[in-house]
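Student: You'll find upload_36.cif just under this line, and it carries mmCIF, C-alpha atoms.
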```
data_protein
loop_
_atom_site.label_atom_id
_atom_site.label_comp_id
_atom_site.auth_asym_id
_atom_site.auth_seq_id
_atom_site.Cartn_x
_atom_site.Cartn_y
_atom_site.Cartn_z
CA MET A 1 -27.28 4.29 -12.40
CA TYR A 2 -24.98 1.33 -12.93
CA PHE A 3 -21.46 1.25 -11.51
CA ARG A 4 -19.09 -1.51 -12.47
CA CYS A 5 -16.67 -2.94 -9.94
CA PHE A 6 -13.03 -2.84 -10.91
CA THR A 7 -9.72 -3.83 -9.45
CA SER A 8 -6.00 -3.76 -9.98
CA ASP A 9 -4.45 -7.00 -11.20
CA ILE A 10 -1.78 -6.55 -8.51
CA LEU A 11 -3.29 -8.13 -5.42
CA ASN A 12 -0.43 -10.08 -3.88
CA GLU A 13 1.85 -7.94 -1.73
CA ARG A 14 5.55 -8.70 -2.05
CA ALA A 15 8.42 -6.87 -0.40
CA GLU A 16 9.50 -5.27 -3.67
CA ASP A 17 5.95 -3.91 -4.17
CA ILE A 18 5.89 -1.94 -0.90
CA LEU A 19 6.64 1.51 -2.25
CA ILE A 20 5.23 3.78 0.49
CA VAL A 21 6.30 3.24 4.09
CA VAL A 22 4.74 5.29 6.88
CA GLU A 23 6.84 4.76 10.00
CA ASP A 24 5.30 5.58 13.38
CA ILE A 25 4.18 9.09 12.46
CA SER A 26 2.42 11.51 14.76
CA VAL A 27 1.17 14.98 13.87
CA ILE A 28 0.51 17.62 16.53
CA TYR A 29 -1.42 20.84 15.81
CA ALA A 30 -1.55 23.48 18.58
CA GLY A 31 -0.94 20.86 21.23
CA ASN A 32 -3.55 18.46 19.80
CA GLU A 33 -2.29 15.10 18.55
CA VAL A 34 -4.15 14.71 15.25
CA LEU A 35 -2.33 11.53 14.17
CA LYS A 36 -1.02 9.05 16.74
CA ASN A 37 1.76 6.58 15.97
CA ILE A 38 0.52 5.59 12.51
CA SER A 39 2.45 2.93 10.60
CA LEU A 40 1.44 1.69 7.13
CA THR A 41 2.95 -0.02 4.12
CA ILE A 42 1.30 0.63 0.77
CA ASN A 43 2.01 -1.20 -2.46
CA ARG A 44 0.83 -0.73 -6.03
CA GLY A 45 -2.91 -0.88 -6.56
CA LEU A 46 -5.97 0.59 -4.92
CA HIS A 47 -6.38 1.28 -1.20
CA LEU A 48 -9.20 2.81 0.85
CA LEU A 49 -8.73 5.11 3.83
CA ILE A 50 -12.00 5.45 5.73
CA GLY A 51 -13.12 7.12 8.92
CA LYS A 52 -15.69 9.62 10.08
CA ASN A 53 -15.08 13.34 9.70
CA GLY A 54 -12.25 14.51 11.94
CA SER A 55 -10.62 11.09 12.16
CA GLY A 56 -7.36 12.31 10.56
CA LYS A 57 -7.76 11.07 6.97
CA SER A 58 -6.87 14.36 5.28
CA THR A 59 -3.94 14.96 7.61
CA LEU A 60 -2.58 11.48 6.86
CA LEU A 61 -2.83 12.00 3.10
CA LYS A 62 -1.18 15.42 3.35
CA THR A 63 1.61 13.90 5.45
CA ILE A 64 2.22 11.17 2.85
CA ALA A 65 2.24 13.86 0.15
CA GLY A 66 4.86 15.89 2.04
CA ILE A 67 2.51 18.84 2.64
CA VAL A 68 2.28 18.29 6.41
CA LYS A 69 5.46 17.47 8.30
CA PRO A 70 5.05 14.88 11.06
CA SER A 71 5.98 15.77 14.62
CA ARG A 72 7.75 12.41 14.75
CA GLY A 73 8.24 9.46 12.45
CA ARG A 74 8.85 9.57 8.71
CA VAL A 75 7.34 8.73 5.33
CA THR A 76 9.36 7.23 2.50
CA VAL A 77 8.13 7.03 -1.08
CA PHE A 78 10.22 4.82 -3.35
CA GLY A 79 12.87 4.87 -0.65
CA LYS A 80 13.02 8.69 -0.43
CA ASP A 81 12.05 10.64 2.68
CA ILE A 82 9.22 12.73 1.23
CA HIS A 83 9.81 15.56 3.73
CA LYS A 84 13.43 15.98 2.67
CA LEU A 85 12.48 16.60 -0.95
CA SER A 86 11.74 20.00 -2.49
CA ARG A 87 8.06 20.63 -3.28
CA ARG A 88 8.76 20.20 -7.01
CA GLU A 89 10.49 16.86 -6.39
CA ALA A 90 7.65 15.70 -4.12
CA VAL A 91 4.98 16.70 -6.67
CA LYS A 92 6.68 14.54 -9.28
CA LEU A 93 6.15 11.51 -7.02
CA VAL A 94 2.83 12.17 -5.29
CA GLY A 95 -0.35 13.90 -6.44
CA TYR A 96 -2.68 15.00 -3.64
CA VAL A 97 -6.22 16.02 -4.64
CA TRP A 98 -7.70 18.48 -2.15
CA GLN A 99 -11.13 17.87 -0.66
CA ASN A 100 -12.20 21.47 -1.43
CA PRO A 101 -12.34 21.79 -5.24
CA TYR A 102 -11.79 25.55 -5.19
CA ALA A 103 -8.75 25.46 -2.89
CA GLY A 104 -6.03 25.68 -5.53
CA PHE A 105 -7.61 27.82 -8.25
CA LEU A 106 -5.64 30.91 -9.28
CA GLU A 107 -6.12 31.45 -13.01
CA VAL A 108 -8.87 33.03 -15.15
CA SER A 109 -9.72 29.95 -17.22
CA VAL A 110 -9.70 26.20 -16.75
CA ARG A 111 -7.13 25.81 -19.53
CA ASP A 112 -4.90 28.43 -17.87
CA GLU A 113 -5.29 26.56 -14.58
CA LEU A 114 -4.11 23.33 -16.18
CA GLU A 115 -1.18 25.04 -17.89
CA PHE A 116 -0.24 26.70 -14.59
CA SER A 117 -0.03 23.25 -12.97
CA GLU A 118 2.22 22.20 -15.83
CA ARG A 119 4.56 25.19 -15.34
CA ILE A 120 4.77 24.74 -11.58
CA ALA A 121 5.56 21.04 -11.89
CA GLY A 122 8.06 21.58 -14.68
CA PHE A 123 6.81 18.78 -16.92
CA SER A 124 4.00 18.15 -19.40
CA LEU A 125 0.45 17.19 -18.53
CA ASN A 126 -1.09 13.93 -19.67
CA TRP A 127 -4.01 15.29 -21.68
CA GLU A 128 -5.59 11.85 -21.89
CA ILE A 129 -6.36 12.22 -18.17
CA VAL A 130 -7.72 15.74 -18.75
CA ASP A 131 -10.01 14.43 -21.50
CA ILE A 132 -11.42 11.76 -19.18
CA LEU A 133 -12.29 14.28 -16.46
CA ILE A 134 -13.07 17.63 -18.08
CA PRO A 135 -15.68 18.24 -20.80
CA LYS A 136 -14.12 20.38 -23.54
CA ASN A 137 -16.74 23.13 -23.14
CA LEU A 138 -15.35 23.88 -19.66
CA LEU A 139 -11.79 24.67 -20.79
CA SER A 140 -12.54 28.33 -21.55
CA ARG A 141 -14.61 28.90 -18.38
CA ASN A 142 -13.42 30.81 -15.32
CA PRO A 143 -12.91 28.11 -12.66
CA PHE A 144 -14.59 30.30 -10.02
CA THR A 145 -17.83 30.30 -12.06
CA LEU A 146 -18.06 26.50 -12.17
CA SER A 147 -20.57 24.46 -10.21
CA GLY A 148 -19.21 22.38 -7.33
CA GLY A 149 -19.20 19.23 -9.45
CA GLU A 150 -17.52 20.92 -12.41
CA ALA A 151 -14.92 22.48 -10.12
CA LYS A 152 -14.25 19.09 -8.53
CA ARG A 153 -13.52 17.53 -11.92
CA VAL A 154 -11.15 20.37 -12.82
CA SER A 155 -9.44 20.20 -9.42
CA ILE A 156 -8.84 16.45 -9.78
CA ALA A 157 -7.61 16.82 -13.36
CA SER A 158 -5.20 19.66 -12.53
CA ILE A 159 -3.38 17.32 -10.12
CA LEU A 160 -3.70 13.86 -11.65
CA ALA A 161 -2.85 15.00 -15.18
CA LEU A 162 0.70 15.43 -13.88
CA ASP A 163 0.58 11.62 -14.00
CA GLN A 164 2.52 10.92 -10.80
CA PRO A 165 3.12 7.30 -9.76
CA VAL A 166 1.17 7.96 -6.51
CA TRP A 167 -2.35 9.43 -6.42
CA LEU A 168 -3.99 10.45 -3.13
CA LEU A 169 -7.68 11.36 -3.54
CA ASP A 170 -9.36 13.09 -0.61
CA GLU A 171 -13.16 12.60 -0.76
CA PRO A 172 -13.06 12.48 -4.59
CA PHE A 173 -16.83 11.91 -4.99
CA ASP A 174 -17.99 14.98 -3.06
CA TYR A 175 -20.01 17.47 -5.17
CA LEU A 176 -20.20 15.10 -8.18
CA ASP A 177 -23.28 14.06 -10.15
CA ASN A 178 -23.57 10.62 -11.73
CA GLU A 179 -21.57 11.61 -14.80
CA GLY A 180 -18.81 13.07 -12.64
CA VAL A 181 -18.61 9.93 -10.48
CA GLU A 182 -18.29 7.81 -13.63
CA ALA A 183 -15.47 10.06 -14.87
CA VAL A 184 -13.55 9.69 -11.60
CA LEU A 185 -14.06 5.92 -11.64
CA LYS A 186 -12.73 5.84 -15.19
CA VAL A 187 -9.60 7.81 -14.28
CA ILE A 188 -8.97 5.55 -11.27
CA GLU A 189 -9.28 2.56 -13.55
CA TYR A 190 -6.88 4.24 -15.99
CA GLY A 191 -4.36 4.78 -13.18
CA LEU A 192 -4.60 1.18 -12.02
CA GLY A 193 -3.94 0.05 -15.56
CA LYS A 194 -0.73 2.11 -15.46
CA GLY A 195 0.40 0.43 -12.21
CA LYS A 196 -0.08 3.43 -9.95
CA ILE A 197 -0.50 3.51 -6.17
CA ILE A 198 -3.95 5.01 -5.49
CA VAL A 199 -5.36 5.85 -2.07
CA VAL A 200 -8.99 7.00 -1.84
CA ALA A 201 -10.08 8.62 1.44
CA SER A 202 -13.77 8.77 2.27
CA ALA A 203 -16.18 9.03 5.19
CA ASN A 204 -18.93 7.67 2.93
CA THR A 205 -19.07 3.90 2.75
CA ALA A 206 -21.80 4.05 0.09
CA TYR A 207 -19.02 3.95 -2.51
CA LEU A 208 -17.38 0.79 -1.19
CA HIS A 209 -19.36 -1.41 -3.57
CA MET A 210 -17.65 0.25 -6.55
CA PHE A 211 -14.19 -0.91 -5.56
CA LYS A 212 -12.19 -4.06 -5.20
CA VAL A 213 -9.13 -3.04 -3.25
CA ASN A 214 -5.83 -4.27 -1.94
CA THR A 215 -6.17 -2.84 1.57
CA VAL A 216 -8.60 -0.90 3.75
CA PHE A 217 -7.30 1.37 6.52
CA LEU A 218 -9.75 2.65 9.14
CA LEU A 219 -8.88 5.71 11.25
CA HIS A 220 -10.57 6.84 14.45
CA ASN A 221 -9.47 9.85 16.50
CA GLY A 222 -6.12 9.90 14.73
CA GLU A 223 -5.36 6.22 15.30
CA LYS A 224 -5.33 3.30 12.89
CA VAL A 225 -7.92 0.87 14.28
CA PHE A 226 -8.16 -1.53 11.32
CA GLU A 227 -5.98 -2.64 8.43
CA GLY A 228 -6.95 -5.52 6.20
CA LYS A 229 -9.11 -6.83 3.41
CA ILE A 230 -12.45 -5.23 2.66
CA GLU A 231 -14.32 -8.50 3.25
CA ASP A 232 -13.06 -8.46 6.84
CA LEU A 233 -14.50 -5.00 7.50
CA SER A 234 -17.69 -5.87 9.35
CA SER A 235 -20.76 -3.70 9.79
CA ASP A 236 -20.31 -4.04 13.56
CA LEU A 237 -16.79 -2.63 13.34
CA LEU A 238 -17.97 0.30 11.21
CA LYS A 239 -20.79 1.01 13.66
CA LYS A 240 -18.37 0.89 16.59
CA PHE A 241 -16.36 3.73 15.05
CA GLY A 242 -19.32 5.84 13.98
CA ILE A 243 -19.42 4.97 10.29
CA PRO A 244 -22.69 3.99 8.54
CA SER A 245 -22.84 0.31 7.57
CA LYS A 246 -21.28 -0.58 4.26
CA ALA A 247 -23.21 -1.19 1.07
CA MET A 248 -22.94 -4.47 -0.82
CA ILE A 249 -19.32 -5.07 -1.76
CA CYS A 250 -18.02 -6.65 -4.96
CA GLY A 251 -17.16 -10.27 -4.54
#
```
Could you write out this structure as C-alpha cells?
Tutor:
Amino acid sequence: MYFRCFTSDILNERAEDILIVVEDISVIYAGNEVLKNISLTINRGLHLLIGKNGSGKSTLLKTIAGIVKPSRGRVTVFGKDIHKLSRREAVKLVGYVWQNPYAGFLEVSVRDELEFSERIAGFSLNWEIVDILIPKNLLSRNPFTLSGGEAKRVSIASILALDQPVWLLDEPFDYLDNEGVEAVLKVIEYGLGKGKIIVVASANTAYLHMFKVNTVFLLHNGEKVFEGKIEDLSSDLLKKFGIPSKAMICG
C-alpha cells in the first residue's frame, strides 16, 4: 500500500492565525486530575496529539469541543469561550469525531443518520465530504449492521460533513482497512485545502509518516510533555513516555 505525504500550505504561525487558545485547563473526574494545567495555541493547518492510552488525549479533544467542561481554565475558539456557547453554536465551530464509531448512531439507515446530523445542527451537510468517505451502497444500510471499518467511515462523515472550521479526530484510523485509511487521508487533505484547523489524536505512531504537520503535542498522564515540530520528536523521547518508536517521517 502506498500512502502519500501531504501538508497544509500554512506553516508559519502568526498571531492572527492562532484561532484556538487553551488556557491552563485542568479536568478532574471523581477526584482524579485527568488533565493538568494544559495550555496550547493552535492555528490553521494540521496538528498531531499523541500519547499512550489513558494519557488524556480524548479528554483534551472533548474539552476543546465544549463537550467536557474544565475544572479550571478556559478554551476559546475564534475568540469565543466554547463552554459558554450552546451545543448548537459549538457544533457549528467544532466537529469532534468519537473514537467509538457506534457511539452516536440512532437512526435505522446511514442516510437517515446523516440527515439527523443535519437537522440537529440546523444547517446543510457538505455531500462532497460524504462522497469521499461513504460508498453509496452503504447509504441504505442500518448503521448497526456495518462492520467496524464501515461504521467508522459513517461516524466520521456524519460529523465532518457539517463542514465546521475545526475538526478534531480521535483515533481516526482505528477499525479501518487500507481503502478506509485512504478515504480519511483524502478528507483530511480536503479540509486542509479549505483552510481548516485539524487535530488528529493517536496512540499509534505508525501513521506519523503520512503527515507533514504544523505542531505535535505529546501528552503523558494528563500533562503536556512536548510541543514542537515533528522532526524534533525523537525516538528516545517517545520511548521515555511509553510510545513505540516512530516510523519514517516525511521530509
Student: When distances are computed from all atoms listed in the file, which of A:Ala65, A:Val213, A:Val110, A:Ile188 shows the smallest separation from Ala151 in chain A?
Tutor: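 Closest to Ala151 in chain A, using all atoms listed in the file: A:Val110.
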Student: Select all residues near (9.9, 8.2, 3.8) (cut-off 9 Å, inclusive, file coordinates), counting all atoms listed in the file, and output them as a list in words.
Tutor: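 Residues close enough to count: Ile20, Val21, Val22, Glu23, Ile64, Gly73, Arg74, Val75, Thr76, Val77, Phe78, Gly79, Lys80, Asp81, Ile82, His83 and Lys84 of chain A.
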Student: Apply the PyMOL selection byres ((chain A and resi 87) around 12) to the displayed file and report the matching residues as a ChimeraX atom specification.
Tutor: /A:65-68,82-86,88-95,120-122
Student: With only C-alpha atoms as the atoms that count, which of A:Leu238, A:Ile134, A:Leu160, A:Leu106 lies nearest to Asn204 in chain A?
Tutor: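 Once distances to Asn204 in chain A are computed over only C-alpha atoms, the minimum belongs to A:Leu238.
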Student: For CA of Gly228 in chain A and CA of Thr215 in chain A, quote the distance in Å rounded to one decimal.
Tutor: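 That distance, rounded to one decimal, is 5.4 Å.
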Student: Can you tell me, as a list in words, what residues are no more than 9 Å from Glu113 in chain A when counting only C-alpha atoms, ignoring any on the same chain fewer than 6 positions away?
Tutor: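 These residues fall inside the cut-off: Phe105, Leu106, Glu107, Pro143, Val154 and Ser158 of chain A.
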Student: The PyMOL selection byres ((chain A and resi 173) around 10) on the file shown: which residues, as a list in words?
Tutor: Gln99, Gly149, Lys152, Arg153, Leu169, Asp170, Glu171, Pro172, Asp174, Tyr175, Leu176, Asp177, Asn178, Gly180, Val181, Glu182, Val184, Leu185, Val200, Ala201, Ser202, Asn204 and Tyr207 of chain A
Student: A:Ile38, A:Ile156, A:Ile230, A:Ile25: which is nearest Pro101 in chain A, counting only C-alpha atoms?
Tutor: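 Using only C-alpha atoms, Pro101 in chain A sits closest to A:Ile156.
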Student: Counting all atoms listed in the file, which of A:Gly222, A:Glu189, A:Gly51, A:Glu150 gets nearest to Lys136 in chain A?
Tutor: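 Among the listed residues, A:Glu150 lies closest to Lys136 in chain A.
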Student: Using only C-alpha atoms, which residue out of A:Asn126, A:Ser147, A:Thr205, A:Ser235 lies closest to Tyr190 in chain A?
Tutor: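 So, comparing all the options, the nearest one is A:Asn126.
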Student: Using all atoms of range 62-71 of chain A listed in the file and a margin of 8 Å per side, can you give the axis-aligned box centre and edge lengths in Å to one decimal, as JSON?
Tutor:
```
{"center_x": 2.4, "center_y": 15.0, "center_z": 7.4, "size_x": 23.2, "size_y": 23.7, "size_z": 30.5}
```
Student: Report, in Å to a single decimal, how far apart CA of Glu227 in chain A and CA of Asn53 in chain A are.
Tutor: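 Computing the Euclidean distance for CA of Asn53 in chain A and CA of Glu227 in chain A yields 18.4 Å.
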Student: From the options A:Trp167, A:Pro244, A:Ser140, A:Asp232, which residue's atoms come nearest to Lys62 in chain A, counting only C-alpha atoms?
Tutor: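 So, comparing all the options, the nearest one is A:Trp167.
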Student: Exactly which residues make up the result of the PyMOL selection byres ((chain A and resi 217) around 8) on this file, given as a PyMOL selection string?
Tutor: chain A and resi 47-50+215-216+218-219+224-228
Student: Would you mind reading off the distance between CA of Leu125 in chain A and CA of Val199 in chain A, one decimal, in Å?
Tutor: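 A separation of 20.8 Å between them.
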